[in-house]
Amino acid sequence: MTCEMVCSAKHEGAINPFQSRIKIIKLGPEGKGVPTACAQCEDAPCKAICPVQAISRDEALGSMTVDYDACIGCRMCVAACPFGVIHFDTITSRVIKCDLCDGEPMCVKFCPYEALEYIEASELGTDKRRAQAGKLIEYINRVDSTAQH
Amino acid sequence: MFCWSGQILRIDLSKGHYAKEPVEAYTEQFVAGRGINVKLVFDEAHARISPFGPENKLVIGPGMLAGTPAPAASRTQITTVLPNGLLNSSGIGGFLGGEIKHAGYDNIVIQGTSAEPVYMYVDETRVEFRDARHIWGKNIRETQQIIKEELHDQDVQIMCIGPAGENLVSFSCIMTGLTSAAGHGGYGAVMGSKNLKAVAFRGRKAVTIAKLDEFLNECLDIRKILQESPAFQAMITSGGRTNAVDAIRAGMTAMGNFEDSHFDKGIVEDLEKRGKIFWDRCRTGSTGCLGCPVHHFHVFDVPDLGTGAPKCAAWASFATPLWNTDYDLMYQAGDLCNRYGLDFVSTANIIGFLMELYHKGIIAEHDTDTIPMKRGDRDAILTTINKIATQEGFGALFKNGLSAAAQTIGKGAEECAMHIKNREMPISEMRPFKGMALAFAVCRDPLDALPVPELAWFQSKEFAEKMAFDLCKEKESANPDSYKKKGSLVAAMESMVIVVEILGLCKWFLLNLTPSLEIPSRLLSLATGQDFSEDTLLSAAERARTLERAVNVIQGARRKDDTLPRRLLQEPVSGGPFKGAALDKEKLDKMVDDYYTIAGWDEYGAPKQETFAELNLLPEAEIFSRRIKREGKADA
């Protein structure tokens, strides 16, 4: 997938989906793609389990990042993550995860179908609220026009 | 080396051995993909190659840009001597190209024959010969599912054959994923003859890029430009289906078995209406190939038939050539072919042929296992597909293709057999398009050289003339009605297509939108860090064309085979927008002469010694000269 190609390119200097932080899971015979990447959990199990506190929040981006100087490569974080989105890269022998690039995620930039968006977390529900409000107005208008008859 | 993976893998199925060699010796002159494939075959084509013999090589070459985010850089070329005895190449999409590059190989040469059904597993650390006896007989989908489960890896990319290829049907395909195929020509049969059921790839090696940031940004910019074109919008919403209907409306599609190109407005309206209903009712989404922004394999879920994604050719081949406007039937026929691994184009041609024979009383029900081959009949279409794939009943008649079957049937059937060099023709009506007629007559694969300017002529004469000029410096070659300068046009288009197949870019995307090599040249230069001019790419393409023909001369290709079925040369179009359009045999021959001259071949179609010299192929010239002396000079 394009996202896997550019993610690995940015982080490793060469194209290798195996080293991508974002992984696309394809399901069904038609291969419907589901992107999976670090959820940057507020109460991250990877951070909690790390014996050397190598994982911490980057305050500016909001991402959970790995301090490779501290990391001992025990892979407990990989075991703890409920989503399987922190990976052990056997080529570089280190754990890798999405770090939101430098605030301009490559995957979002390159996705040909705009399947990925990078938006303010507080805006996650905005589109859904608007859609629901629209439905309510539609219903009210219908009831009103029926009542008039 | 940037961008190339660096290695060629050689697999010997007879001995159960494999070996690796560096690709470097071939990259300067042949670059990658189809270019190197052909060179690898030429070098070892010491004697005439038998399609099903162990000496026939199946060469797999991912395009140069496969595995990079260049738009639509997903293609792999498969090169081999086909059942008709001639060397040819087909593209195949899906996700194979990238995976092969990540497994560490630029080209894979498979030769020999396995004693038992076998499949290969190839990754960056291993090459394994694995028992395929338990998958022999399985269809395209089941095969891939079983292999993925066996290897405990849902992400392997697999190219495989179905029952049709196992049964050596001469128009069976090699397929990957849901619907991608090395189709027309019989690649599946060659693989089947080697007892090779599948090749599974998985790779964890990086593809390196010289100027990475610039290259990535270039990919993004190009993709955005291509996405803005109107042709792009059409392809993503209903691509394939509306293209097919537009072609019929424009009089560019055969009605029946080229029996009557009569344009019937009622049929077009019927198809448009039914097509839309089928799409709305059954379409669940789209899928496509690696890195492609178009993704125009529309996926359907049809009640009682399940999920499938027959590609564009299904909506053309199984429609008017079979007197059919029922989209459920087109879907089912296409999906069935996809499961068996059968080429749509050839299969539809043969069914149309049977329908014509039945209509004319040359055959009757008892000739086709009591199923009447009535025009548009559901039973006729589906039963024929089933029986051909499984080689049962009257299906066995078509194992070696249309031409052989027509000879067996006799009674005037040969007159109805629409094939070129023993390959079933696609249903493109080319009598009004003289350049297309030439492409069909000379090219190993007519779609190799679809004269795009001729097709653009009716939208805009100026645009078409400019395109033709950019391609071959001959403005007047854009006029479909003219026989002039078509050699230049077809040769130029063919070169472009070969370049695209060296690079692994999807031709539909790139060529339909902008037939120019400027973009590929720029991308390749950034990726490799070497200067890849358009001329460098065109030279590589000409070398591939020259060596392919050199092999084919030894394989028996002759000037007299570069022609069209008698019906198309003798009868004019009987109705529709191009009523009266006809082909003049003498003028066609003159166009063939022109093409030979431009390609640098002599009057018998053999590449001249000067041509080899101009392309810096002196060792190859010497080899070819010796082979000709041994086999006898190519004659008319």
# chains A, B, ... in the order shown; residues from 1 in each chain; ligands from 1
>>> interface_residues(of="chain A", to="chain B", cutoff="9 Å", atoms="only C-alpha atoms", output="PDB file with N, CA and C atoms, in the first residue's frame")
ATOM      1  N   MET A   1       0.849  -1.181   0.000  1.00  0.00           N
ATOM      2  CA  MET A   1       0.000   0.000   0.000  1.00  0.00           C
ATOM      3  C   MET A   1       0.894   1.244   0.000  1.00  0.00           C
ATOM      4  N   THR A   2       0.377   2.288  -0.590  1.00  0.00           N
ATOM      5  CA  THR A   2       1.160   3.528  -0.689  1.00  0.00           C
ATOM      6  C   THR A   2       1.579   4.038   0.684  1.00  0.00           C
ATOM      7  N   CYS A   3       0.659   4.000   1.648  1.00  0.00           N
ATOM      8  CA  CYS A   3       0.991   4.518   2.982  1.00  0.00           C
ATOM      9  C   CYS A   3       2.161   3.753   3.583  1.00  0.00           C
ATOM     10  N   MET A   5       4.493   2.203   2.002  1.00  0.00           N
ATOM     11  CA  MET A   5       5.714   2.531   1.267  1.00  0.00           C
ATOM     12  C   MET A   5       6.308   3.845   1.783  1.00  0.00           C
ATOM     13  N   VAL A   6       5.474   4.888   1.902  1.00  0.00           N
ATOM     14  CA  VAL A   6       6.034   6.200   2.258  1.00  0.00           C
ATOM     15  C   VAL A   6       6.378   6.296   3.735  1.00  0.00           C
ATOM     16  N   ALA A   9       9.673   4.687   4.015  1.00  0.00           N
ATOM     17  CA  ALA A   9      10.656   5.537   3.332  1.00  0.00           C
ATOM     18  C   ALA A   9      11.100   6.671   4.241  1.00  0.00           C
ATOM     19  N   LYS A  10      10.145   7.323   4.865  1.00  0.00           N
ATOM     20  CA  LYS A  10      10.478   8.458   5.727  1.00  0.00           C
ATOM     21  C   LYS A  10      11.308   8.027   6.919  1.00  0.00           C
ATOM     22  N   GLY A  13      14.541   5.528   5.331  1.00  0.00           N
ATOM     23  CA  GLY A  13      15.353   5.981   4.195  1.00  0.00           C
ATOM     24  C   GLY A  13      15.257   5.094   2.978  1.00  0.00           C
ATOM     25  N   ALA A  14      14.392   4.084   3.006  1.00  0.00           N
ATOM     26  CA  ALA A  14      14.201   3.208   1.847  1.00  0.00           C
ATOM     27  C   ALA A  14      12.791   2.650   1.942  1.00  0.00           C
ATOM     28  N   ILE A  15      12.273   2.146   0.840  1.00  0.00           N
ATOM     29  CA  ILE A  15      10.879   1.691   0.805  1.00  0.00           C
ATOM     30  C   ILE A  15      10.792   0.228   1.231  1.00  0.00           C
ATOM     31  N   ASN A  16      10.095  -0.033   2.308  1.00  0.00           N
ATOM     32  CA  ASN A  16       9.943  -1.401   2.773  1.00  0.00           C
ATOM     33  C   ASN A  16       8.712  -1.535   3.652  1.00  0.00           C
ATOM     34  N   PRO A  17       7.583  -1.945   3.080  1.00  0.00           N
ATOM     35  CA  PRO A  17       6.341  -2.064   3.850  1.00  0.00           C
ATOM     36  C   PRO A  17       6.518  -2.853   5.144  1.00  0.00           C
ATOM     37  N   PHE A  18       7.467  -3.782   5.154  1.00  0.00           N
ATOM     38  CA  PHE A  18       7.729  -4.565   6.357  1.00  0.00           C
ATOM     39  C   PHE A  18       8.113  -3.656   7.522  1.00  0.00           C
ATOM     40  N   GLN A  19       8.733  -2.531   7.206  1.00  0.00           N
ATOM     41  CA  GLN A  19       9.159  -1.597   8.244  1.00  0.00           C
ATOM     42  C   GLN A  19       8.212  -0.420   8.414  1.00  0.00           C
ATOM     43  N   ILE A  25      -4.617  -3.953   6.973  1.00  0.00           N
ATOM     44  CA  ILE A  25      -5.124  -5.328   7.054  1.00  0.00           C
ATOM     45  C   ILE A  25      -6.181  -5.473   5.968  1.00  0.00           C
ATOM     46  N   LYS A  26      -6.019  -6.499   5.139  1.00  0.00           N
ATOM     47  CA  LYS A  26      -6.991  -6.706   4.061  1.00  0.00           C
ATOM     48  C   LYS A  26      -7.897  -7.866   4.415  1.00  0.00           C
ATOM     49  N   PRO A  29     -12.520 -11.591   0.368  1.00  0.00           N
ATOM     50  CA  PRO A  29     -11.965 -11.918  -0.953  1.00  0.00           C
ATOM     51  C   PRO A  29     -11.632 -10.677  -1.763  1.00  0.00           C
ATOM     52  N   GLU A  30     -12.392  -9.607  -1.540  1.00  0.00           N
ATOM     53  CA  GLU A  30     -12.105  -8.398  -2.303  1.00  0.00           C
ATOM     54  C   GLU A  30     -11.025  -7.546  -1.662  1.00  0.00           C
ATOM     55  N   GLY A  31     -10.523  -7.998  -0.490  1.00  0.00           N
ATOM     56  CA  GLY A  31      -9.398  -7.317   0.130  1.00  0.00           C
ATOM     57  C   GLY A  31      -9.706  -5.905   0.572  1.00  0.00           C
ATOM     58  N   LYS A  32     -10.799  -5.749   1.280  1.00  0.00           N
ATOM     59  CA  LYS A  32     -11.141  -4.426   1.807  1.00  0.00           C
ATOM     60  C   LYS A  32     -10.058  -4.020   2.804  1.00  0.00           C
ATOM     61  N   ILE A  91      14.679  -6.181  11.252  1.00  0.00           N
ATOM     62  CA  ILE A  91      15.811  -5.714  10.442  1.00  0.00           C
ATOM     63  C   ILE A  91      16.710  -4.801  11.278  1.00  0.00           C
ATOM     64  N   LYS A 109      -0.689  12.315   3.742  1.00  0.00           N
ATOM     65  CA  LYS A 109      -0.300  13.125   2.582  1.00  0.00           C
ATOM     66  C   LYS A 109      -0.376  12.330   1.287  1.00  0.00           C
ATOM     67  N   PHE A 110       0.017  11.041   1.360  1.00  0.00           N
ATOM     68  CA  PHE A 110       0.154  10.267   0.128  1.00  0.00           C
ATOM     69  C   PHE A 110      -1.025   9.372  -0.210  1.00  0.00           C
ATOM     70  N   CYS A 111      -1.950   9.150   0.702  1.00  0.00           N
ATOM     71  CA  CYS A 111      -3.027   8.208   0.403  1.00  0.00           C
ATOM     72  C   CYS A 111      -3.806   8.670  -0.828  1.00  0.00           C
ATOM     73  N   PRO A 112      -3.862   7.847  -1.882  1.00  0.00           N
ATOM     74  CA  PRO A 112      -4.529   8.268  -3.125  1.00  0.00           C
ATOM     75  C   PRO A 112      -6.038   8.415  -2.986  1.00  0.00           C
ATOM     76  N   TYR A 113      -6.631   7.807  -1.971  1.00  0.00           N
ATOM     77  CA  TYR A 113      -8.090   7.816  -1.882  1.00  0.00           C
ATOM     78  C   TYR A 113      -8.584   8.669  -0.728  1.00  0.00           C
TER      79      TYR A 113
END
>>> residues_around(residues="Met373 (chain B)", least_positions_apart="3", cutoff="8 Å", atoms="only C-alpha atoms", output="ChimeraX atom specification")
/B:354-355,358,364-365,368,377,380-381
>>> select_by_dssp(residues="chain A", states="strand (DSSP E or B)", output="ChimeraX atom specification")
/A:15,23-27,32-36,55-58,63-66,87-89,94-96
>>> select_by_dssp(residues="region 187-411 of chain B", states="helix (DSSP H, G or I)", output="PyMOL selection string")
chain B and resi 187-193+212-227+230-238+241-249+265-282+312-317+320-322+327-340+344-359+365-368+378-390+393-398+402-409
>>> write_last_selection(atoms="C-alpha atoms", output="compact mmCIF listing (two decimals), in the first residue's frame")
# COMPACT_ATOMS: atom_id res chain seq x y z
CA TYR B 187 0.41 -18.18 -20.21
CA GLY B 188 -1.54 -20.49 -17.90
CA ALA B 189 -1.01 -23.46 -20.20
CA VAL B 190 2.77 -22.96 -20.20
CA MET B 191 2.80 -22.92 -16.41
CA GLY B 192 0.51 -25.96 -16.38
CA SER B 193 2.81 -27.83 -18.76
CA LEU B 212 14.21 9.82 -2.04
CA ASP B 213 12.47 13.04 -0.98
CA GLU B 214 12.40 14.48 -4.50
CA PHE B 215 11.15 11.18 -5.90
CA LEU B 216 8.33 10.92 -3.35
CA ASN B 217 7.20 14.49 -3.96
CA GLU B 218 7.33 13.91 -7.71
CA CYS B 219 5.12 10.84 -7.28
CA LEU B 220 2.61 12.91 -5.36
CA ASP B 221 2.57 15.73 -7.91
CA ILE B 222 2.15 13.38 -10.86
CA ARG B 223 -0.64 11.51 -9.17
CA LYS B 224 -2.51 14.73 -8.52
CA ILE B 225 -2.21 15.83 -12.15
CA LEU B 226 -3.45 12.48 -13.41
CA GLN B 227 -6.35 12.50 -10.95
CA PRO B 230 -11.77 13.68 -16.91
CA ALA B 231 -10.79 10.21 -18.07
CA PHE B 232 -9.78 9.44 -14.49
CA GLN B 233 -13.24 10.30 -13.12
CA ALA B 234 -14.91 8.05 -15.67
CA MET B 235 -12.67 5.14 -14.76
CA ILE B 236 -13.27 5.27 -11.03
CA THR B 237 -17.05 5.50 -11.20
CA SER B 238 -17.89 2.95 -13.81
CA ARG B 241 -18.66 -0.75 -18.17
CA THR B 242 -19.17 2.72 -19.63
CA ASN B 243 -16.03 2.37 -21.74
CA ALA B 244 -17.55 -0.75 -23.25
CA VAL B 245 -20.89 0.94 -23.93
CA ASP B 246 -19.18 4.01 -25.39
CA ALA B 247 -17.20 1.75 -27.71
CA ILE B 248 -20.39 0.10 -28.91
CA ARG B 249 -22.09 3.44 -29.45
CA LYS B 265 -29.27 2.49 -30.82
CA GLY B 266 -31.75 0.29 -28.95
CA ILE B 267 -28.97 -2.00 -27.79
CA VAL B 268 -26.92 0.89 -26.48
CA GLU B 269 -29.84 2.30 -24.51
CA ASP B 270 -30.65 -1.15 -23.18
CA LEU B 271 -27.07 -1.70 -22.04
CA GLU B 272 -26.87 1.70 -20.38
CA LYS B 273 -30.07 1.13 -18.45
CA ARG B 274 -29.30 -2.41 -17.41
CA GLY B 275 -25.71 -1.59 -16.55
CA LYS B 276 -26.74 1.13 -14.18
CA ILE B 277 -29.33 -1.13 -12.50
CA PHE B 278 -26.77 -3.90 -12.04
CA TRP B 279 -24.18 -1.47 -10.65
CA ASP B 280 -26.63 0.07 -8.20
CA ARG B 281 -27.94 -3.29 -7.09
CA CYS B 282 -24.75 -5.30 -6.79
CA CYS B 312 -13.39 -4.32 -17.99
CA ALA B 313 -13.11 -6.92 -20.76
CA ALA B 314 -16.03 -8.86 -19.26
CA TRP B 315 -18.44 -5.97 -19.97
CA ALA B 316 -17.31 -5.86 -23.56
CA SER B 317 -16.52 -9.47 -24.45
CA THR B 320 -22.65 -7.66 -27.91
CA PRO B 321 -20.27 -10.26 -29.33
CA LEU B 322 -22.53 -12.84 -27.67
CA TYR B 327 -25.33 -7.86 -16.88
CA ASP B 328 -25.88 -10.68 -14.41
CA LEU B 329 -24.87 -13.02 -17.20
CA MET B 330 -21.80 -10.95 -18.09
CA TYR B 331 -20.85 -10.98 -14.43
CA GLN B 332 -21.32 -14.71 -14.07
CA ALA B 333 -19.39 -15.51 -17.24
CA GLY B 334 -16.54 -13.23 -16.19
CA ASP B 335 -16.45 -14.52 -12.64
CA LEU B 336 -16.48 -18.12 -13.85
CA CYS B 337 -13.55 -17.42 -16.15
CA ASN B 338 -11.76 -15.77 -13.22
CA ARG B 339 -12.20 -18.87 -11.08
CA TYR B 340 -11.06 -21.25 -13.78
CA PHE B 344 -12.28 -13.54 -21.33
CA VAL B 345 -11.34 -12.37 -24.79
CA SER B 346 -10.58 -15.78 -26.27
CA THR B 347 -13.43 -17.48 -24.44
CA ALA B 348 -15.96 -14.95 -25.67
CA ASN B 349 -14.59 -15.17 -29.20
CA ILE B 350 -15.06 -18.94 -29.18
CA ILE B 351 -18.59 -18.76 -27.81
CA GLY B 352 -19.48 -16.18 -30.46
CA PHE B 353 -17.98 -18.48 -33.06
CA LEU B 354 -20.16 -21.37 -31.88
CA MET B 355 -23.20 -19.09 -31.96
CA GLU B 356 -22.45 -18.14 -35.55
CA LEU B 357 -22.00 -21.77 -36.57
CA TYR B 358 -25.29 -22.71 -34.95
CA HIS B 359 -27.06 -19.76 -36.58
CA GLU B 365 -27.31 -29.31 -30.70
CA HIS B 366 -25.78 -32.76 -30.93
CA ASP B 367 -22.40 -31.17 -31.74
CA THR B 368 -22.47 -29.32 -28.42
CA ARG B 378 -27.31 -18.24 -20.93
CA ASP B 379 -26.88 -22.01 -21.02
CA ALA B 380 -24.80 -21.84 -24.15
CA ILE B 381 -22.43 -19.29 -22.61
CA LEU B 382 -21.99 -20.83 -19.18
CA THR B 383 -21.84 -24.45 -20.30
CA THR B 384 -19.18 -23.67 -22.88
CA ILE B 385 -17.03 -21.96 -20.26
CA ASN B 386 -17.39 -24.89 -17.85
CA LYS B 387 -16.62 -27.51 -20.47
CA ILE B 388 -13.63 -25.72 -21.93
CA ALA B 389 -12.05 -25.22 -18.51
CA THR B 390 -12.60 -28.80 -17.43
CA GLY B 393 -17.45 -33.01 -23.79
CA PHE B 394 -17.28 -30.52 -26.64
CA GLY B 395 -14.95 -28.35 -24.53
CA ALA B 396 -12.14 -30.70 -25.52
CA LEU B 397 -12.48 -29.44 -29.09
CA PHE B 398 -11.07 -26.08 -28.00
CA LEU B 402 -10.11 -21.62 -32.09
CA SER B 403 -8.08 -22.21 -35.21
CA ALA B 404 -7.48 -25.91 -34.50
CA ALA B 405 -11.13 -26.42 -33.51
CA ALA B 406 -12.40 -24.76 -36.69
CA GLN B 407 -10.24 -27.05 -38.80
CA THR B 408 -11.62 -30.08 -36.98
CA ILE B 409 -15.21 -28.95 -37.42
>>> residues_around(residues="region 418-422 of chain B", least_positions_apart="5", cutoff="9 Å", atoms="only C-alpha atoms", output="JSON, numbers by chain")
{"B": [83, 84, 86, 257, 258, 349, 350, 353, 401, 402, 403, 404, 440, 441, 444, 557, 561, 562, 563, 564, 565, 566, 567, 568]}
>>> write_last_selection(atoms="N, CA and C atoms", output="PDB file, in the first residue's frame")
ATOM      1  N   PRO B  83       1.471 -21.120 -26.458  1.00  0.00           N
ATOM      2  CA  PRO B  83       1.021 -22.288 -27.229  1.00  0.00           C
ATOM      3  C   PRO B  83       1.005 -22.079 -28.743  1.00  0.00           C
ATOM      4  N   ASN B  84       0.888 -20.844 -29.211  1.00  0.00           N
ATOM      5  CA  ASN B  84       0.909 -20.653 -30.666  1.00  0.00           C
ATOM      6  C   ASN B  84       2.336 -20.653 -31.229  1.00  0.00           C
ATOM      7  N   LEU B  86       4.875 -18.623 -30.501  1.00  0.00           N
ATOM      8  CA  LEU B  86       5.593 -17.347 -30.587  1.00  0.00           C
ATOM      9  C   LEU B  86       5.901 -16.771 -29.203  1.00  0.00           C
ATOM     10  N   ASN B 257     -19.996 -12.400 -33.910  1.00  0.00           N
ATOM     11  CA  ASN B 257     -18.638 -12.832 -34.245  1.00  0.00           C
ATOM     12  C   ASN B 257     -18.126 -12.048 -35.464  1.00  0.00           C
ATOM     13  N   PHE B 258     -18.107 -10.731 -35.345  1.00  0.00           N
ATOM     14  CA  PHE B 258     -17.805  -9.890 -36.511  1.00  0.00           C
ATOM     15  C   PHE B 258     -18.749 -10.220 -37.669  1.00  0.00           C
ATOM     16  N   ASN B 349     -14.747 -14.978 -27.757  1.00  0.00           N
ATOM     17  CA  ASN B 349     -14.589 -15.167 -29.196  1.00  0.00           C
ATOM     18  C   ASN B 349     -15.085 -16.553 -29.603  1.00  0.00           C
ATOM     19  N   ILE B 350     -14.694 -17.567 -28.840  1.00  0.00           N
ATOM     20  CA  ILE B 350     -15.061 -18.941 -29.183  1.00  0.00           C
ATOM     21  C   ILE B 350     -16.557 -19.172 -29.025  1.00  0.00           C
ATOM     22  N   PHE B 353     -18.229 -17.614 -31.902  1.00  0.00           N
ATOM     23  CA  PHE B 353     -17.977 -18.477 -33.062  1.00  0.00           C
ATOM     24  C   PHE B 353     -18.989 -19.626 -33.099  1.00  0.00           C
ATOM     25  N   GLY B 401      -7.296 -24.177 -28.971  1.00  0.00           N
ATOM     26  CA  GLY B 401      -7.737 -22.882 -29.468  1.00  0.00           C
ATOM     27  C   GLY B 401      -8.700 -22.955 -30.628  1.00  0.00           C
ATOM     28  N   LEU B 402      -9.068 -21.771 -31.084  1.00  0.00           N
ATOM     29  CA  LEU B 402     -10.106 -21.619 -32.086  1.00  0.00           C
ATOM     30  C   LEU B 402      -9.718 -22.183 -33.447  1.00  0.00           C
ATOM     31  N   SER B 403      -8.502 -21.835 -33.863  1.00  0.00           N
ATOM     32  CA  SER B 403      -8.077 -22.209 -35.210  1.00  0.00           C
ATOM     33  C   SER B 403      -8.092 -23.722 -35.393  1.00  0.00           C
ATOM     34  N   ALA B 404      -7.517 -24.440 -34.418  1.00  0.00           N
ATOM     35  CA  ALA B 404      -7.482 -25.909 -34.503  1.00  0.00           C
ATOM     36  C   ALA B 404      -8.896 -26.478 -34.479  1.00  0.00           C
ATOM     37  N   PHE B 440      -3.095  -4.810 -35.193  1.00  0.00           N
ATOM     38  CA  PHE B 440      -3.601  -6.171 -35.046  1.00  0.00           C
ATOM     39  C   PHE B 440      -2.846  -7.144 -35.942  1.00  0.00           C
ATOM     40  N   ALA B 441      -2.481  -6.702 -37.107  1.00  0.00           N
ATOM     41  CA  ALA B 441      -1.813  -7.609 -38.041  1.00  0.00           C
ATOM     42  C   ALA B 441      -0.384  -7.940 -37.618  1.00  0.00           C
ATOM     43  N   ARG B 444       2.567  -8.702 -31.661  1.00  0.00           N
ATOM     44  CA  ARG B 444       2.339  -9.957 -30.959  1.00  0.00           C
ATOM     45  C   ARG B 444       1.096  -9.807 -30.093  1.00  0.00           C
ATOM     46  N   ALA B 557       7.841 -17.389 -37.179  1.00  0.00           N
ATOM     47  CA  ALA B 557       7.024 -16.237 -37.577  1.00  0.00           C
ATOM     48  C   ALA B 557       7.355 -15.865 -39.012  1.00  0.00           C
ATOM     49  N   ASP B 561       1.969 -14.365 -42.017  1.00  0.00           N
ATOM     50  CA  ASP B 561       1.107 -14.451 -40.837  1.00  0.00           C
ATOM     51  C   ASP B 561       0.728 -13.079 -40.304  1.00  0.00           C
ATOM     52  N   ASP B 562       1.424 -12.054 -40.762  1.00  0.00           N
ATOM     53  CA  ASP B 562       1.115 -10.696 -40.303  1.00  0.00           C
ATOM     54  C   ASP B 562      -0.018 -10.128 -41.134  1.00  0.00           C
ATOM     55  N   THR B 563      -1.184 -10.660 -40.888  1.00  0.00           N
ATOM     56  CA  THR B 563      -2.350 -10.244 -41.668  1.00  0.00           C
ATOM     57  C   THR B 563      -3.608 -10.417 -40.817  1.00  0.00           C
ATOM     58  N   LEU B 564      -4.754 -10.243 -41.426  1.00  0.00           N
ATOM     59  CA  LEU B 564      -6.019 -10.314 -40.681  1.00  0.00           C
ATOM     60  C   LEU B 564      -6.922 -11.382 -41.281  1.00  0.00           C
ATOM     61  N   PRO B 565      -7.931 -11.829 -40.519  1.00  0.00           N
ATOM     62  CA  PRO B 565      -8.855 -12.830 -41.073  1.00  0.00           C
ATOM     63  C   PRO B 565      -9.519 -12.330 -42.354  1.00  0.00           C
ATOM     64  N   ARG B 566      -9.782 -13.260 -43.249  1.00  0.00           N
ATOM     65  CA  ARG B 566     -10.306 -12.932 -44.575  1.00  0.00           C
ATOM     66  C   ARG B 566     -11.573 -12.080 -44.502  1.00  0.00           C
ATOM     67  N   ARG B 567     -12.436 -12.386 -43.562  1.00  0.00           N
ATOM     68  CA  ARG B 567     -13.704 -11.645 -43.449  1.00  0.00           C
ATOM     69  C   ARG B 567     -13.448 -10.146 -43.309  1.00  0.00           C
ATOM     70  N   LEU B 568     -12.455  -9.787 -42.514  1.00  0.00           N
ATOM     71  CA  LEU B 568     -12.201  -8.361 -42.282  1.00  0.00           C
ATOM     72  C   LEU B 568     -11.535  -7.699 -43.480  1.00  0.00           C
TER      73      LEU B 568
END
>>> closest_residue(among="A:His87, A:Ala115, A:Cys50, A:Ile140", to="Arg21 (chain A)", atoms="only C-alpha atoms")
A:His87
>>> atom_distance(atom1="CA of Phe83 (chain A)", atom2="CA of Cys107 (chain A)")
18.8 Å
>>> residues_around(residues="Leu100 (chain A)", least_positions_apart="6", cutoff="12 Å", atoms="only C-alpha atoms", output="list in words")
Cys7, Lys10, His11, Arg21, Ile22, Ala37, Cys38, Ala39, Gln40, Arg57, Asp58, Ala60, Leu61, Gly62, Ser63, Met64, Thr65, Met106, Cys107, Val108, Lys109, Glu117, Tyr118 and Ile119 of chain A
>>> atom_distance(atom1="CA of Lys461 (chain B)", atom2="CA of Asp481 (chain B)")
12.5 Å
>>> residues_around(residues="Tyr596 (chain B)", least_positions_apart="5", cutoff="10 Å", atoms="only C-alpha atoms", output="list in words")
Val442, Gly487, Ser488, Ala491, Arg559, Lys590, Met591, Trp601, Asp602, Glu603, Tyr604, Gly605, Ala606 and Pro607 of chain B
>>> closest_residue(among="B:Val127, B:Ile92, B:Gly63, B:Lys211", to="Cys160 (chain B)", atoms="only C-alpha atoms")
B:Ile92
>>> closest_residue(among="B:Ala456, B:Ala103, B:Ala437, B:Cys506", to="Ala582 (chain B)", atoms="only C-alpha atoms")
B:Ala437
>>> decode(residues="region 9-38 of chain A", atoms="C-alpha atoms", output="short mmCIF file (atom, residue, chain, number, x, y, z; two decimals), in the first residue's frame")
data_model
loop_
_atom_site.label_atom_id
_atom_site.label_comp_id
_atom_site.auth_asym_id
_atom_site.auth_seq_id
_atom_site.Cartn_x
_atom_site.Cartn_y
_atom_site.Cartn_z
CA ALA A 9 10.66 5.54 3.33
CA LYS A 10 10.48 8.46 5.73
CA HIS A 11 11.57 6.54 8.80
CA GLU A 12 14.11 4.16 7.31
CA GLY A 13 15.35 5.98 4.19
CA ALA A 14 14.20 3.21 1.85
CA ILE A 15 10.88 1.69 0.80
CA ASN A 16 9.94 -1.40 2.77
CA PRO A 17 6.34 -2.06 3.85
CA PHE A 18 7.73 -4.57 6.36
CA GLN A 19 9.16 -1.60 8.24
CA SER A 20 6.06 0.54 8.01
CA ARG A 21 4.53 1.81 11.22
CA ILE A 22 1.07 1.84 9.64
CA LYS A 23 -0.14 -1.57 8.49
CA ILE A 24 -3.11 -2.22 6.24
CA ILE A 25 -5.12 -5.33 7.05
CA LYS A 26 -6.99 -6.71 4.06
CA LEU A 27 -10.15 -8.63 4.72
CA GLY A 28 -12.46 -10.67 2.58
CA PRO A 29 -11.97 -11.92 -0.95
CA GLU A 30 -12.11 -8.40 -2.30
CA GLY A 31 -9.40 -7.32 0.13
CA LYS A 32 -11.14 -4.43 1.81
CA GLY A 33 -8.33 -2.45 3.46
CA VAL A 34 -8.39 -1.39 7.09
CA PRO A 35 -5.55 0.91 8.21
CA THR A 36 -4.07 0.20 11.64
CA ALA A 37 -1.62 2.44 13.44
CA CYS A 38 -0.79 3.53 16.96
#
